[in-house]
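Data file: coords25.csv. Format and content: CSV, C-alpha atoms.
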```csv
chain,number,residue,atom,x,y,z
A,990,MET,CA,115.9,-123.2,69.7
A,991,GLU,CA,116.7,-119.8,68.4
A,992,ASP,CA,113.9,-118.3,70.4
A,993,GLU,CA,115.0,-120.1,73.6
A,994,LYS,CA,118.4,-118.5,73.2
A,995,LYS,CA,116.8,-115.1,72.6
A,996,ILE,CA,114.5,-115.5,75.6
A,997,ALA,CA,117.5,-116.5,77.8
A,998,ALA,CA,119.4,-113.4,76.7
A,999,PHE,CA,116.3,-111.2,77.2
A,1000,GLU,CA,115.7,-112.5,80.7
A,1001,ALA,CA,119.4,-112.1,81.6
A,1002,LYS,CA,119.3,-108.5,80.5
A,1003,ILE,CA,116.3,-107.9,82.7
A,1004,ALA,CA,117.7,-109.8,85.7
A,1005,ALA,CA,120.8,-107.6,85.4
A,1006,GLY,CA,118.6,-104.5,85.8
A,1007,ASN,CA,118.9,-103.3,82.2
A,1008,LYS,CA,116.0,-101.8,80.3
A,1009,ILE,CA,114.5,-103.2,77.2
A,1010,GLU,CA,114.3,-100.6,74.4
A,1011,PRO,CA,111.8,-100.5,71.5
A,1012,LYS,CA,114.1,-102.0,68.9
A,1013,ASP,CA,115.4,-104.8,71.1
A,1014,TRP,CA,114.1,-108.3,70.6
A,1015,MET,CA,111.3,-109.2,73.0
A,1016,PRO,CA,109.0,-112.2,73.4
A,1017,GLU,CA,105.5,-111.7,71.8
A,1018,ALA,CA,103.9,-112.2,75.2
A,1019,TYR,CA,105.9,-109.4,76.7
A,1020,ARG,CA,105.0,-107.0,73.9
A,1021,LYS,CA,101.3,-107.9,74.1
A,1022,GLN,CA,101.1,-107.6,77.8
A,1023,LEU,CA,102.8,-104.2,77.7
A,1024,ILE,CA,100.5,-102.9,75.0
A,1025,ARG,CA,97.5,-104.0,77.1
A,1026,MET,CA,98.8,-102.5,80.3
A,1027,MET,CA,100.2,-99.3,78.9
A,1028,SER,CA,97.2,-98.5,76.7
A,1029,GLN,CA,94.9,-99.2,79.6
A,1030,HIS,CA,97.0,-96.8,81.6
A,1031,ALA,CA,96.9,-94.2,78.8
A,1032,HIS,CA,93.1,-94.6,78.4
A,1033,SER,CA,92.7,-94.1,82.2
A,1034,GLU,CA,94.5,-90.8,82.1
A,1035,ILE,CA,92.3,-89.5,79.3
A,1036,VAL,CA,89.0,-90.8,80.7
A,1037,GLY,CA,90.1,-89.6,84.2
A,1038,MET,CA,89.9,-86.0,82.9
A,1039,LEU,CA,86.1,-86.4,82.7
A,1040,PRO,CA,85.0,-86.7,86.3
A,1041,GLU,CA,87.3,-83.8,87.3
A,1042,GLY,CA,86.5,-81.7,84.2
A,1043,ASN,CA,83.0,-81.8,85.5
A,1044,TRP,CA,83.9,-79.4,88.3
A,1045,ILE,CA,86.2,-76.9,86.5
A,1046,THR,CA,83.4,-74.4,85.9
A,1047,ARG,CA,82.1,-74.9,89.5
A,1048,ALA,CA,85.4,-74.7,91.5
A,1049,PRO,CA,84.7,-72.6,94.6
A,1050,ASN,CA,87.3,-69.9,93.8
A,1051,LEU,CA,89.8,-68.8,91.2
A,1052,ARG,CA,92.8,-70.5,93.0
A,1053,ARG,CA,91.0,-73.8,93.1
A,1054,LYS,CA,89.9,-73.4,89.5
A,1055,ALA,CA,93.4,-72.7,88.2
A,1056,ILE,CA,94.8,-75.7,90.1
A,1057,LEU,CA,92.1,-78.0,88.8
A,1058,LEU,CA,92.7,-76.8,85.2
A,1059,ALA,CA,96.4,-77.5,85.6
A,1060,LYS,CA,95.7,-80.9,87.0
A,1061,VAL,CA,93.4,-81.9,84.3
A,1062,GLN,CA,95.9,-80.6,81.7
A,1063,ASP,CA,98.5,-82.8,83.4
A,1064,GLU,CA,96.2,-85.8,83.0
A,1065,ALA,CA,96.0,-85.1,79.2
A,1066,GLY,CA,99.8,-84.9,79.1
A,1067,HIS,CA,100.1,-88.2,81.0
A,1068,GLY,CA,97.8,-89.8,78.5
A,1069,LEU,CA,100.0,-88.5,75.7
A,1070,TYR,CA,103.3,-89.7,77.2
A,1071,LEU,CA,101.7,-93.1,77.6
A,1072,TYR,CA,100.2,-93.3,74.1
A,1073,SER,CA,103.7,-92.3,72.8
A,1074,ALA,CA,105.4,-95.0,74.9
A,1075,THR,CA,102.8,-97.6,73.7
A,1076,GLU,CA,103.4,-96.7,70.1
A,1077,THR,CA,107.0,-97.7,70.4
A,1078,LEU,CA,105.7,-101.3,70.7
A,1079,GLY,CA,104.5,-101.1,67.1
A,1080,ILE,CA,100.9,-100.1,67.4
A,1081,ASP,CA,99.5,-96.7,66.4
A,1082,ARG,CA,97.4,-94.3,68.4
A,1083,THR,CA,94.4,-94.6,65.9
A,1084,GLU,CA,94.2,-98.3,66.7
A,1085,LEU,CA,94.6,-97.8,70.5
A,1086,LEU,CA,91.8,-95.2,70.5
A,1087,GLU,CA,89.6,-97.5,68.5
A,1088,GLN,CA,90.1,-100.2,71.1
A,1089,LEU,CA,89.0,-97.8,73.8
A,1090,HIS,CA,85.9,-96.6,71.8
A,1091,THR,CA,84.8,-100.1,70.9
A,1092,GLY,CA,85.2,-101.3,74.5
A,1093,LYS,CA,87.9,-103.8,73.5
A,1094,ALA,CA,90.4,-102.0,75.8
A,1095,LYS,CA,89.7,-101.1,79.4
A,1096,TYR,CA,90.5,-98.2,81.6
A,1097,SER,CA,90.6,-97.9,85.4
A,1098,SER,CA,87.4,-98.9,87.1
A,1099,ILE,CA,87.6,-95.8,89.4
A,1100,PHE,CA,86.6,-93.3,86.7
A,1101,ASN,CA,83.2,-94.9,86.3
A,1102,TYR,CA,82.1,-93.3,89.6
A,1103,PRO,CA,80.4,-89.9,89.6
A,1104,THR,CA,81.7,-86.7,91.1
A,1105,LEU,CA,78.7,-85.5,93.0
A,1106,THR,CA,80.2,-82.7,95.2
A,1107,TRP,CA,83.2,-80.4,95.3
A,1108,ALA,CA,84.7,-82.6,98.0
A,1109,ASP,CA,84.9,-85.4,95.5
A,1110,ILE,CA,87.6,-83.4,93.7
A,1111,GLY,CA,89.5,-83.5,97.0
A,1112,ALA,CA,88.9,-87.2,97.5
A,1113,ILE,CA,90.1,-88.0,93.9
A,1114,GLY,CA,93.4,-86.1,94.3
A,1115,TRP,CA,94.0,-87.5,97.7
A,1116,LEU,CA,92.9,-91.1,97.3
A,1117,VAL,CA,92.7,-91.9,93.6
A,1118,ASP,CA,96.0,-90.1,92.7
A,1119,GLY,CA,97.5,-91.4,96.0
A,1120,ALA,CA,96.7,-95.0,95.0
A,1121,ALA,CA,97.9,-94.4,91.4
A,1122,ILE,CA,101.2,-93.0,92.7
A,1123,MET,CA,101.7,-96.2,94.8
A,1124,ASN,CA,101.2,-98.3,91.7
A,1125,GLN,CA,103.2,-96.0,89.4
A,1126,THR,CA,106.3,-95.7,91.6
A,1127,ALA,CA,106.5,-99.5,91.4
A,1128,LEU,CA,106.1,-99.4,87.6
A,1129,ALA,CA,108.8,-96.8,87.3
A,1130,ARG,CA,111.2,-99.6,88.1
A,1131,GLY,CA,109.8,-101.8,85.3
A,1132,SER,CA,111.9,-103.3,82.5
A,1133,TYR,CA,110.5,-101.5,79.5
A,1134,GLY,CA,112.5,-98.3,79.0
A,1135,PRO,CA,109.8,-96.0,77.5
A,1136,TYR,CA,107.2,-97.0,80.0
A,1137,SER,CA,109.6,-96.7,83.0
A,1138,ARG,CA,110.7,-93.2,81.8
A,1139,ALA,CA,107.1,-92.1,81.4
A,1140,MET,CA,106.3,-93.3,84.9
A,1141,VAL,CA,109.2,-91.4,86.4
A,1142,ARG,CA,107.9,-88.2,84.8
A,1143,ILE,CA,104.3,-88.9,85.7
A,1144,CYS,CA,105.1,-89.7,89.4
A,1145,LYS,CA,106.8,-86.3,89.7
A,1146,GLU,CA,103.7,-84.5,88.5
A,1147,GLU,CA,101.2,-86.6,90.4
A,1148,SER,CA,102.6,-85.6,93.7
A,1149,PHE,CA,101.1,-82.2,93.2
A,1150,HIS,CA,97.8,-83.8,92.4
A,1151,ASN,CA,97.9,-85.8,95.6
A,1152,ARG,CA,98.7,-82.8,97.8
A,1153,GLN,CA,96.1,-80.5,96.3
A,1154,GLY,CA,93.5,-83.1,96.9
A,1155,TYR,CA,94.5,-83.5,100.5
A,1156,GLU,CA,94.5,-79.8,100.9
A,1157,ILE,CA,90.9,-79.6,99.7
A,1158,MET,CA,89.8,-82.3,102.1
A,1159,MET,CA,91.7,-80.6,105.0
A,1160,HIS,CA,90.1,-77.2,104.4
A,1161,LEU,CA,86.6,-78.8,104.2
A,1162,ALA,CA,87.3,-80.9,107.3
A,1163,GLN,CA,88.3,-77.7,109.2
A,1164,GLY,CA,85.3,-75.8,107.9
A,1165,THR,CA,81.6,-75.6,108.9
A,1166,PRO,CA,79.9,-78.9,110.1
A,1167,GLU,CA,78.2,-79.1,106.6
A,1168,GLN,CA,81.6,-78.8,104.9
A,1169,LYS,CA,83.1,-81.4,107.1
A,1170,ALA,CA,80.1,-83.7,106.4
A,1171,MET,CA,80.7,-83.2,102.7
A,1172,ALA,CA,84.3,-84.2,103.0
A,1173,GLN,CA,83.3,-87.3,105.1
A,1174,ASP,CA,80.7,-88.2,102.5
A,1175,ALA,CA,83.2,-88.0,99.7
A,1176,LEU,CA,85.7,-90.2,101.7
A,1177,ASN,CA,82.8,-92.7,102.3
A,1178,ARG,CA,82.1,-93.0,98.6
A,1179,TRP,CA,85.7,-93.0,97.3
A,1180,TRP,CA,87.5,-95.2,99.8
A,1181,TRP,CA,86.4,-98.6,98.7
A,1182,PRO,CA,86.6,-97.9,94.9
A,1183,SER,CA,90.1,-96.4,95.6
A,1184,ILE,CA,91.4,-99.6,97.2
A,1185,MET,CA,89.7,-101.7,94.6
A,1186,MET,CA,91.3,-99.8,91.7
A,1187,LEU,CA,94.7,-101.4,92.6
A,1188,GLY,CA,93.3,-104.6,91.1
A,1189,PRO,CA,92.0,-108.0,92.2
A,1190,SER,CA,93.6,-109.6,95.2
A,1191,ASP,CA,96.6,-111.9,94.5
A,1192,ASP,CA,94.6,-115.2,94.6
A,1193,GLN,CA,92.4,-113.9,91.8
A,1194,SER,CA,95.1,-112.4,89.7
A,1195,PRO,CA,96.6,-115.2,87.6
A,1196,ASN,CA,99.9,-115.5,85.7
A,1197,SER,CA,101.8,-112.9,87.7
A,1198,GLU,CA,104.9,-115.0,88.1
A,1199,GLN,CA,106.2,-114.5,84.6
A,1200,LEU,CA,105.2,-110.8,84.6
A,1201,MET,CA,107.2,-110.3,87.8
A,1202,ARG,CA,110.2,-112.1,86.3
A,1203,TRP,CA,110.0,-109.9,83.2
A,1204,LYS,CA,109.5,-106.8,85.4
A,1205,VAL,CA,106.3,-105.9,83.7
A,1206,LYS,CA,104.6,-106.0,87.1
A,1207,MET,CA,106.9,-105.1,90.0
A,1208,GLU,CA,104.7,-105.8,93.1
A,1209,SER,CA,101.5,-107.7,93.7
A,1210,ASN,CA,98.2,-105.9,93.9
A,1211,ASP,CA,97.8,-106.7,97.6
A,1212,ALA,CA,101.2,-105.5,98.5
A,1213,ILE,CA,100.6,-102.1,96.8
A,1214,ARG,CA,97.1,-101.9,98.4
A,1215,GLN,CA,98.6,-102.6,101.8
A,1216,ARG,CA,101.1,-99.8,101.4
A,1217,PHE,CA,98.4,-97.4,100.3
A,1218,ILE,CA,96.2,-98.2,103.3
A,1219,ASP,CA,99.1,-97.9,105.7
A,1220,ARG,CA,100.0,-94.5,104.5
A,1221,THR,CA,96.5,-93.1,104.0
A,1222,VAL,CA,94.8,-94.0,107.3
A,1223,PRO,CA,97.0,-91.7,109.4
A,1224,GLN,CA,96.4,-88.9,106.9
A,1225,ALA,CA,92.6,-89.3,107.4
A,1226,ASP,CA,93.1,-89.4,111.2
A,1227,PHE,CA,95.1,-86.2,111.1
A,1228,ILE,CA,92.3,-84.2,109.6
A,1229,GLY,CA,89.6,-85.9,111.7
A,1230,LEU,CA,87.9,-87.9,109.0
A,1231,SER,CA,87.1,-91.6,109.5
A,1232,ILE,CA,87.8,-94.4,107.1
A,1233,PRO,CA,84.5,-96.1,106.3
A,1234,ASP,CA,85.6,-99.6,107.3
A,1235,LYS,CA,84.4,-100.9,110.7
A,1236,ASP,CA,86.9,-103.8,110.6
A,1237,LEU,CA,89.9,-101.6,110.0
A,1238,LYS,CA,92.5,-102.0,112.8
A,1239,PHE,CA,96.2,-101.6,113.3
A,1240,ASN,CA,98.1,-104.8,113.9
A,1241,GLU,CA,100.9,-104.0,116.3
A,1242,ALA,CA,102.8,-107.2,115.5
A,1243,THR,CA,102.9,-106.7,111.7
A,1244,GLY,CA,102.9,-102.9,111.7
A,1245,HIS,CA,100.1,-102.9,109.2
A,1246,TYR,CA,96.5,-102.0,109.1
A,1247,GLU,CA,94.0,-104.9,108.5
A,1248,HIS,CA,91.0,-104.0,106.5
A,1249,GLY,CA,87.5,-105.5,106.1
A,1250,PRO,CA,86.4,-107.6,103.2
A,1251,ILE,CA,86.4,-105.9,99.8
A,1252,ASN,CA,83.3,-106.1,97.6
A,1253,TRP,CA,84.9,-107.7,94.6
A,1254,GLU,CA,81.6,-108.3,93.0
A,1255,GLU,CA,81.1,-104.6,92.6
A,1256,PHE,CA,84.6,-104.2,91.2
A,1257,PHE,CA,84.0,-106.9,88.5
A,1258,GLU,CA,80.7,-105.4,87.6
A,1259,VAL,CA,82.3,-102.0,87.0
A,1260,ILE,CA,85.0,-103.6,85.0
A,1261,LYS,CA,82.4,-105.4,82.9
A,1262,GLY,CA,80.8,-102.0,82.1
A,1263,ASN,CA,78.0,-101.9,84.6
A,1264,GLY,CA,79.4,-99.1,86.9
A,1265,PRO,CA,77.4,-96.0,87.5
A,1266,CYS,CA,79.0,-93.9,84.7
A,1267,ASN,CA,80.6,-96.4,82.2
A,1268,ALA,CA,78.2,-95.6,79.4
A,1269,LYS,CA,78.4,-91.8,80.0
A,1270,ARG,CA,82.3,-91.9,80.0
A,1271,LEU,CA,82.5,-93.8,76.8
A,1272,LYS,CA,80.0,-91.6,75.1
A,1273,ALA,CA,81.9,-88.5,76.1
A,1274,ARG,CA,85.0,-90.0,74.6
A,1275,THR,CA,83.5,-91.2,71.3
A,1276,ASP,CA,81.6,-87.8,70.9
A,1277,ALA,CA,84.9,-85.9,71.4
A,1278,ASP,CA,86.5,-88.2,68.8
A,1279,LYS,CA,83.7,-87.6,66.3
A,1280,LYS,CA,83.4,-83.9,66.9
A,1281,GLY,CA,87.2,-83.5,66.7
A,1282,ARG,CA,87.5,-85.3,63.4
A,1283,TRP,CA,87.0,-82.2,61.2
A,1284,VAL,CA,89.7,-80.4,63.2
A,1285,ARG,CA,92.2,-83.2,62.6
A,1286,ASP,CA,91.3,-83.3,58.9
A,1287,ALA,CA,91.5,-79.6,58.5
A,1288,ALA,CA,94.9,-79.4,60.1
A,1289,VAL,CA,96.2,-82.1,57.7
A,1290,ALA,CA,94.7,-80.3,54.7
A,1291,TYR,CA,96.3,-77.0,55.8
A,1292,ALA,CA,99.7,-78.6,56.3
A,1293,GLU,CA,99.5,-80.1,52.8
A,1294,LYS,CA,98.6,-76.7,51.3
A,1295,LYS,CA,101.5,-75.0,53.1
A,1296,LYS,CA,103.8,-77.7,51.8
A,1297,LEU,CA,102.6,-77.2,48.2
A,1298,LYS,CA,103.0,-73.4,48.5
A,1299,ALA,CA,106.6,-73.8,49.8
A,1300,ALA,CA,107.5,-76.1,47.0
B,904,MET,CA,90.8,-89.3,54.0
B,905,THR,CA,91.8,-91.7,56.8
B,906,ASP,CA,91.9,-90.5,60.4
B,907,THR,CA,95.7,-90.5,61.0
B,908,GLN,CA,95.9,-88.8,64.4
B,909,TRP,CA,98.6,-86.9,62.5
B,910,PRO,CA,102.3,-87.9,61.9
B,911,VAL,CA,104.7,-88.5,64.8
B,912,TRP,CA,107.5,-86.0,65.6
B,913,GLU,CA,110.3,-86.8,68.0
B,914,VAL,CA,110.9,-84.0,70.6
B,915,PHE,CA,114.3,-82.7,71.9
B,916,VAL,CA,114.4,-80.2,74.7
B,917,GLN,CA,117.2,-78.0,75.9
B,918,ALA,CA,116.8,-77.5,79.6
B,919,ASN,CA,119.3,-74.7,80.1
B,920,PRO,CA,121.6,-72.6,78.0
B,921,GLY,CA,124.9,-74.2,77.0
B,922,ILE,CA,123.8,-77.9,77.3
B,923,PRO,CA,122.7,-80.2,74.5
B,924,HIS,CA,119.1,-80.8,73.4
B,925,LYS,CA,117.9,-84.1,74.9
B,926,HIS,CA,115.3,-86.5,73.6
B,927,VAL,CA,112.2,-86.4,75.8
B,928,GLY,CA,109.5,-88.3,73.8
B,929,ASN,CA,107.2,-87.5,70.8
B,930,VAL,CA,104.0,-85.8,69.8
B,931,HIS,CA,101.5,-86.1,67.0
B,932,ALA,CA,101.1,-83.0,64.9
B,933,ALA,CA,100.0,-82.0,61.4
B,934,ASP,CA,103.1,-79.8,60.8
B,935,ALA,CA,106.3,-78.6,62.4
B,936,GLU,CA,104.7,-75.5,63.9
B,937,MET,CA,102.0,-77.5,65.6
B,938,ALA,CA,104.5,-80.1,66.7
B,939,ILE,CA,106.5,-77.4,68.5
B,940,GLN,CA,103.4,-76.0,70.2
B,941,ASN,CA,102.2,-79.5,71.2
B,942,ALA,CA,105.7,-80.3,72.5
B,943,ARG,CA,105.7,-77.2,74.6
B,944,ASP,CA,102.3,-78.2,76.2
B,945,VAL,CA,103.2,-81.8,76.7
B,946,TYR,CA,106.9,-81.7,77.8
B,947,THR,CA,107.5,-78.2,79.3
B,948,ARG,CA,104.6,-77.4,81.6
B,949,ARG,CA,107.0,-76.9,84.5
B,950,SER,CA,109.8,-74.8,83.0
B,951,GLU,CA,111.7,-77.9,81.8
B,952,GLY,CA,113.1,-76.2,78.8
B,953,ILE,CA,114.2,-73.0,77.0
B,954,SER,CA,114.4,-74.5,73.5
B,955,ILE,CA,112.6,-77.3,71.5
B,956,TRP,CA,113.6,-79.2,68.4
B,957,VAL,CA,111.1,-81.4,66.6
B,958,VAL,CA,112.0,-84.0,63.9
B,959,PRO,CA,109.7,-86.1,61.8
B,960,ALA,CA,110.0,-89.6,63.4
B,961,ASN,CA,110.4,-91.3,60.0
B,962,ALA,CA,113.4,-89.1,59.3
B,963,ILE,CA,115.5,-90.7,62.0
B,964,SER,CA,117.7,-93.6,61.2
B,965,ALA,CA,119.2,-95.6,64.0
B,966,SER,CA,121.9,-98.3,64.5
B,967,SER,CA,120.5,-101.7,65.1
B,968,PRO,CA,120.6,-103.3,68.6
B,969,GLU,CA,121.4,-106.8,67.2
B,970,ASP,CA,124.6,-105.4,65.7
B,971,GLN,CA,125.6,-103.5,68.8
B,972,GLY,CA,128.6,-105.8,69.5
B,973,SER,CA,130.3,-105.8,66.1
B,974,PHE,CA,129.3,-102.3,65.3
B,975,PHE,CA,131.0,-100.7,68.3
B,976,GLU,CA,133.8,-103.3,68.4
B,977,PRO,CA,136.4,-101.1,66.7
B,978,SER,CA,136.6,-98.8,69.7
B,979,ASN,CA,136.8,-101.6,72.3
B,980,ASP,CA,140.2,-102.9,71.3
B,981,LYS,CA,141.8,-99.4,71.4
B,982,PRO,CA,142.4,-98.8,75.0
B,983,TYR,CA,145.4,-96.5,74.0
B,984,ARG,CA,142.8,-93.9,73.2
B,985,HIS,CA,142.2,-93.3,76.9
B,986,PRO,CA,144.7,-91.3,79.0
B,987,THR,CA,144.6,-94.0,81.7
B,988,PHE,CA,146.4,-96.4,79.3
B,989,TYR,CA,149.7,-94.6,79.9
B,990,LYS,CA,151.8,-95.0,83.1
B,991,ILE,CA,153.4,-91.8,84.1
B,992,PRO,CA,156.0,-91.8,86.8
B,993,GLU,CA,155.0,-90.3,90.1
B,994,GLY,CA,156.3,-86.8,90.6
B,995,VAL,CA,155.6,-85.8,87.0
B,996,LYS,CA,153.1,-83.0,87.2
B,997,TYR,CA,150.4,-81.5,84.9
B,998,LEU,CA,150.2,-84.6,82.6
```

Written as structure tokens, that's how I'd like the structure from this file.
Amino acid sequence: MEDEKKIAAFEAKIAAGNKIEPKDWMPEAYRKQLIRMMSQHAHSEIVGMLPEGNWITRAPNLRRKAILLAKVQDEAGHGLYLYSATETLGIDRTELLEQLHTGKAKYSSIFNYPTLTWADIGAIGWLVDGAAIMNQTALARGSYGPYSRAMVRICKEESFHNRQGYEIMMHLAQGTPEQKAMAQDALNRWWWPSIMMLGPSDDQSPNSEQLMRWKVKMESNDAIRQRFIDRTVPQADFIGLSIPDKDLKFNEATGHYEHGPINWEEFFEVIKGNGPCNAKRLKARTDADKKGRWVRDAAVAYAEKKKLKAA
Amino acid sequence: MTDTQWPVWEVFVQANPGIPHKHVGNVHAADAEMAIQNARDVYTRRSEGISIWVVPANAISASSPEDQGSFFEPSNDKPYRHPTFYKIPEGVKYL
């Protein structure tokens, strides 16, 4: 009975538009779902540094290189905000990282695709960050205070990511025929994974009703996907690139684009670990963790020594 | 030695001179000096601050949300602490 009262008070608070803070009472299911979502989000930021980091040394000029470095540094920052926010739910970062390294926790499917050409860096900023912004602006209105505040901050920073990506694509599209073809090829390869990364369609995504009521999820995957497509298609038209979907058409009556069938089989394969780069990404992460261990240990030993000297 | 990922430090940033430091989040760091450097890299990449404080997270004590009602009650029944409690006749100035 006590719990029912607590749940009612908790739900009333959310319905009134108030945020839930770390020390407030919350249902176990709420805490668990948030840990799952937020850590998955944090892991995505960190793993997301890998495909882009791949091009830092090969950026075409100093301006692009400085921008890409700043962007990848931002992703590290986003990972850290999100791990921090997740830790407020009573789990520590060591455990979260272990879940990533053992494959118990997931990260976004999109980062399991390779970055084959420079245009892929443009496509990632434009499409992947664009899709992420759609999702994150919705999540910024969520009920958990620390997550919502992290989202506000992240969205502000992501809009630079989005624009720099579009700018790369625009320059390539206006360049030589080879450069334009490179941009089109990147769009061809990243379009479908980008619209898939917003998650399974609503009929395949169970138990969303409670999560919506608790404002853990703010909008359905399909609604967010639709908004992303509606906004992105005209951007592609503007720079003369074509969306690789022969069924794509604008519906005058609804004011929305209708898209062709999504290959969900591919999506679920990538989620299961069978994407083109899953093994490589995870190895890069676990190697970094192992190789960084002595640095963490040394820093602790040094801090201890300083404390002893001061005493 | 267990891999601790270092202790947590809460971070407070002052955005401009003359205003209070505001809590922005936390960082992991082995000591205070590293906490300040990490806080700079994580929370002030776009000129968000001119000063940073870091405090070991376990050194912070907080009031409890369950006691919010009774804890802050003493101030709720003292409306006479607010200037709007007093009716001043129209025409009286500078009060």

As a list in words, could you give me every residue of chain B near chain A (at most 8 Å apart, counting all atoms listed in the file)?
Met904, Asp906, Thr907, Gln908, Trp909, Gly928, Asn929, Val930, Ala933, Asp934, Asp944, Val945, Tyr946, Ser967, Pro968 and Glu969 of chain B

I need the chosen residues saved as a PDB file, in the coordinates of the input, with C-alpha atoms.
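So selection39.pdb came out as:
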```pdb
ATOM      1  CA  MET B 904      90.800 -89.300  54.000  1.00  0.00           C
ATOM      2  CA  ASP B 906      91.900 -90.500  60.400  1.00  0.00           C
ATOM      3  CA  THR B 907      95.700 -90.500  61.000  1.00  0.00           C
ATOM      4  CA  GLN B 908      95.900 -88.800  64.400  1.00  0.00           C
ATOM      5  CA  TRP B 909      98.600 -86.900  62.500  1.00  0.00           C
ATOM      6  CA  GLY B 928     109.500 -88.300  73.800  1.00  0.00           C
ATOM      7  CA  ASN B 929     107.200 -87.500  70.800  1.00  0.00           C
ATOM      8  CA  VAL B 930     104.000 -85.800  69.800  1.00  0.00           C
ATOM      9  CA  ALA B 933     100.000 -82.000  61.400  1.00  0.00           C
ATOM     10  CA  ASP B 934     103.100 -79.800  60.800  1.00  0.00           C
ATOM     11  CA  ASP B 944     102.300 -78.200  76.200  1.00  0.00           C
ATOM     12  CA  VAL B 945     103.200 -81.800  76.700  1.00  0.00           C
ATOM     13  CA  TYR B 946     106.900 -81.700  77.800  1.00  0.00           C
ATOM     14  CA  SER B 967     120.500-101.700  65.100  1.00  0.00           C
ATOM     15  CA  PRO B 968     120.600-103.300  68.600  1.00  0.00           C
ATOM     16  CA  GLU B 969     121.400-106.800  67.200  1.00  0.00           C
TER      17      GLU B 969
END
```

Using all atoms listed in the file, which residue out of A:Asn1050, A:Gln1173, A:Gln1199, A:Ser1098 lies closest to A:Gly1264?
A:Ser1098

Distance of atom CA of B:Trp956 from atom CA of B:Gln917, expressed in Å to one decimal place
8.4 Å

Under the rule that only C-alpha atoms are counted, which of B:Ser954, B:Ser966, B:Asn961, B:Thr947 is the nearest residue to B:Pro910?
B:Asn961

Choose the residue, out of A:Met1027, A:Leu1230, A:Gly1249, A:Lys1206, that has the smallest atom-to-atom separation from A:Asp1174; count all atoms listed in the file.
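With all atoms listed in the file as the atom set, the closest residue is A:Leu1230.
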
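Shell of B:Ile963 at 10 Å, with only C-alpha atoms counted and residues fewer than 3 places along the chain excluded, is Trp912, Glu913, Val958, Pro959 and Ala960 of chain B.
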
Which is closer to A:Gly1114 than all the others in A:Ile1213, A:Met1158, A:Leu1271, A:Leu1085, using all atoms listed in the file?
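Ranking A:Ile1213, A:Met1158, A:Leu1271, A:Leu1085 by distance to A:Gly1114, first place goes to A:Met1158.
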
Stretch 1123-1132 of chain A environment, 8 Å, only C-alpha atoms, sequence neighbours closer than 4 positions dropped, as number ranges by chain:
A: 1003, 1006-1009, 1119, 1136-1141, 1144, 1187, 1203-1208, 1213, 1216-1217

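Those residues that approach A:Gln1215 to within 9 Å, counting only C-alpha atoms, are A:Asn1210, A:Asp1211, A:Asp1219, A:Arg1220, A:His1245, A:Tyr1246, A:Glu1247; same-chain residues fewer than 4 positions away are not listed.
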
Nearby residues (all atoms listed in the file) at most 8 Å from A:Glu1041, same-chain spacing under 4 positions excluded, as a PyMOL selection string
chain A and resi 1037+1045+1057+1061+1104+1110

If we count only C-alpha atoms and set the cut-off at 12 Å, which residues sit around A:Gly1229, ignoring sequence neighbours fewer than 6 positions away in its own chain? Please answer as a list of chain:residue names.
A:Met1158, A:Met1159, A:His1160, A:Leu1161, A:Ala1162, A:Gln1163, A:Gly1164, A:Lys1169, A:Ala1170, A:Ala1172, A:Gln1173, A:Leu1176, A:Val1222, A:Pro1223

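Minimum atom-to-atom distances from A:Leu1089, A:Ile1143, A:Met1026, A:Met1201 to A:Thr1275 were compared using all atoms listed in the file, and the lowest value belongs to A:Leu1089.
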
Residue completion, stretch 925-933 of chain B, N, CA and C atoms, as a PDB file, in the frame of the given file:
```pdb
ATOM      1  N   LYS B 925     118.004 -82.709  74.497  1.00  0.00           N
ATOM      2  CA  LYS B 925     117.900 -84.100  74.900  1.00  0.00           C
ATOM      3  C   LYS B 925     116.536 -84.661  74.458  1.00  0.00           C
ATOM      4  N   HIS B 926     116.534 -85.907  73.997  1.00  0.00           N
ATOM      5  CA  HIS B 926     115.300 -86.500  73.600  1.00  0.00           C
ATOM      6  C   HIS B 926     114.348 -86.697  74.761  1.00  0.00           C
ATOM      7  N   VAL B 927     113.081 -86.256  74.640  1.00  0.00           N
ATOM      8  CA  VAL B 927     112.200 -86.400  75.800  1.00  0.00           C
ATOM      9  C   VAL B 927     110.935 -87.257  75.430  1.00  0.00           C
ATOM     10  N   GLY B 928     110.686 -87.481  74.134  1.00  0.00           N
ATOM     11  CA  GLY B 928     109.500 -88.300  73.800  1.00  0.00           C
ATOM     12  C   GLY B 928     109.016 -87.798  72.412  1.00  0.00           C
ATOM     13  N   ASN B 929     107.731 -87.969  72.126  1.00  0.00           N
ATOM     14  CA  ASN B 929     107.200 -87.500  70.800  1.00  0.00           C
ATOM     15  C   ASN B 929     105.834 -86.938  70.950  1.00  0.00           C
ATOM     16  N   VAL B 930     105.397 -86.313  69.881  1.00  0.00           N
ATOM     17  CA  VAL B 930     104.000 -85.800  69.800  1.00  0.00           C
ATOM     18  C   VAL B 930     103.463 -86.095  68.414  1.00  0.00           C
ATOM     19  N   HIS B 931     102.152 -86.049  68.308  1.00  0.00           N
ATOM     20  CA  HIS B 931     101.500 -86.100  67.000  1.00  0.00           C
ATOM     21  C   HIS B 931     101.178 -84.679  66.585  1.00  0.00           C
ATOM     22  N   ALA B 932     101.426 -84.336  65.334  1.00  0.00           N
ATOM     23  CA  ALA B 932     101.100 -83.000  64.900  1.00  0.00           C
ATOM     24  C   ALA B 932     100.997 -82.991  63.343  1.00  0.00           C
ATOM     25  N   ALA B 933     100.162 -82.064  62.814  1.00  0.00           N
ATOM     26  CA  ALA B 933     100.000 -82.000  61.400  1.00  0.00           C
ATOM     27  C   ALA B 933     101.209 -81.378  60.682  1.00  0.00           C
TER      28      ALA B 933
END
```
